[in-house]
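Encoded as structure tokens, the structure appears first; notes follow it.
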Amino acid sequence: MMANTVEAEGQLTPDEQKRLTSDMHRSLRRKKVRALFLVAPLLIFIMVTFVSPIATMLFRSIDNPQVSEYMPNTTAALASWDGDSNELPDEATYAALVEDLVVGRKNHTIGKAATRLNYEKSQMRSLLTGTARKAARLKPPYKAQLIKINKGWGDIDNWRVIKRESKPYTTSYYIAAFDMETTPEGEIRMLPENQRVYLQMLWRTVWMSVVITLLTLLLGYPVSYLLASLPMRVANTLMILVLLPFWTSLLVRTSSWIALLQGQGVINDILVWFGLVNDESRLSMIYNATGTVIAMTHILLPFMILPLYSVMKTIPPSYMRAARSLGATPFTAFVKVYLPQSVPGISAGAILVFILAIGYYITPALVGGQTGQFIGNMIAYHMQSSLNWGLAAALGVVLLTLVLGIYALYSRLFGGNNQMTLR
Amino acid sequence: MALPSYAGPLETFWYYAFRLFCGMVFIFLITPLLIIIPLSFNVEPYFSFTEGMLEFDPDAYSLRWYQEFFASERWMAAIKNTFIVAVCSTFLSMVLGTLAALGLSRSELPFKGLIMGLLISPMIVPLIISAAGMFFFYSSIGVSQSYMGLILAHTALGTPFVVITVTATLSGFDYNLVRAANSLGASPTYAFFKVTVPLIMTGVISGGLFALMTSVDEVVVAIFIAGAEQRTVPMQMWAGIREQISPTILAVATMLVCMSIMLLSTVEYLRRRSEAIRGISAH
């Protein structure tokens, strides 16, 4: 547009005009490149140290190398076998299996394939490792001998499982993460009620996070209102009581809740001393869901108060006074005038607390006992104790999807102005 | 928000009930931090007050757990590790985060939303997921169980705080000041260090303190990727609380509370100073 004006005045030749435009473009491009150069170091750093680990985890949840890598001959032989045919594989497949078992035992790799297959069907591990011990002494033909060593080799379902898991990628970790199983015929169905673990755990995590979010809102809303309406000097002093827990180590706060809540702890001692509770029937407030909820409400409360406070600070007190002077009762004035204006603070605080709560691990592990564990504890269990890393990764992806989904929903609903900043 | 003179009895009741409720919430917030201070001086290995403590018997109090802490090689090694990792990762976070914030605050930057999303993603992704992913990836590239791995991980977790605080500081930044410096003959580098840096320093430092606190307090990623050699203070506390809980933990906790009081005061001081510089009255 500027170029047009200049042309109308007839001060620039078309040549000069072209040069001016290209100069401007070049300068803009240079500015873009300069801005990108400033961002690039951190962007590359985060891509390498953070984004690629998350991508590795995504990959882990579908990666399935064990059977095809450690039983290559069996994998190749089974490729031509029709699993739906109701006939056992041919002698060549049994010979391939024996070869894999002998090599696998020598290289100590058969255990990995056996563990992998055991996730799909119990007793597969003992079937493989048990046979592997005897495989070296066998002479062809193998089929009848193997079935004699272990009836499992005559069970067509076991062969179907091996064939299914010899593919390099699998959805079976996700199937397990949703408490489902694949039948030998290849159908996916829910596990029996009493064997379901993860859906129940996920549901409990969501449900307890909702309870914690509501509790922090219940406790945090009045406090934020008070802080926003008090004179600045008093509010700043009281704010220390909110900020000090915020700045204190998570482990410090968790251990002090252990000191407060445990059977021989401070609160039970006080209750017994006042005679409110019998010494024999001390309250069990920790190592269960109650302990997790109390400790996490305390830990996450500042994350609710800070965004609420920063929004409430911007609501002019004159609106409430105006509503009152027009005849509204305090209750009506609050509900009709104040509450709607504080909604951005409520939503920002709630989403922050909920997202933080749903991924918690440390506090539930320390004070949660049996009933207060979260899905994060399940992930840690499979990472560190059961070493079923594929399942841990799948559960991690489920949790990550949930968190990102909630976050996306929040930014859809409440628009661009991101309140998730710190003060 | 004083009680208005026209308030009726119901409103008066509400007014005091409301204040009482808020007072109780404040007690709920602060009691867990204060209660551990006297408990850490307990002469007995209990997590509760003994009768002697309630009677203020001097013999019921001791520095036993503090002595145990300072005499323990494990704890001292943990302090050293925490210090090394925290200082290195905070420094890296401050440098990388400030540079990125300077780029992000330029209007010419393309794909701003996407870049910002990626840069603050370590803050949004639950720690347990970051920890699991880092465990897989860092062991595959051979930096798990090393200082290097832990420093890289903590830097990634700390940078979002620096990016956010410095971007916020820059949003109120008057670029005319830099132009003025340039017009007066300062080179871009000179103008950057003499004009821009002093003005955004408060943001850089408070972001750095958040990053420092993240590293000092971080335990989830640490227990997944650090080895016994790199055991940090939070890892030692985590192990201590899980294995057998001794009041040494409370002595450490008390010292950490004192540290957070110091950090909080610094951040508050910086915030007020930055508001004063930007012409926003603190009162």
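Within each chain, counting starts at residue 1; across the structure tokens, chains are named A, B, ... in the order shown, with ligands numbered 1 upward in that order.
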
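Within 6 Å of chain B, chain A contributes the residues Lys32, Ala35, Leu38, Val39, Leu42, Pro53, Ile54, Met57, Val223, Ser229, Leu230, Trp247, Thr248, Ser249, Val252, Ser256, Ala259, Gly265, Val266, Gly359 and Gly396 of chain A, using only C-alpha atoms.
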
Report as a ChimeraX atom specification: the residues of range 181-278 of chain A with a DSSP assignment of alpha helix (DSSP H), based on the backbone of this structure. /A:198-229,232-247,250-261,266-273

If we count only C-alpha atoms and set the cut-off at 6 Å, which residues sit around range 209-221 of chain A, ignoring sequence neighbours fewer than 3 positions away in its own chain? Please answer as a list of chain:residue names.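 My list of contacting residues is A:Thr205, A:Val206, A:Ser224, A:Thr297, A:Leu301, A:Ile305, A:Ala350, A:Val353, A:Phe354, A:Ala357, A:Ile358.
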
Counting only C-alpha atoms, what is within 6 Å of range 147-162 of chain A, bar same-chain residues fewer than 6 positions away, as a PyMOL selection string? chain A and resi 83+88+184

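Residues in contact with Ile151 in chain B at 9 Å, where only C-alpha atoms are counted and same-chain residues fewer than 5 positions away are skipped, are listed as Ile84, Val85, Ala86, Cys88, Ser89, Thr90, Leu92, Ser146, Ala156 and Ser215 of chain B.
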
Min atom-atom distance to Ala211 in chain B from the set B:Ala78, B:Val162, B:Val143, B:Val43, counting only C-alpha atoms, belongs to B:Val162
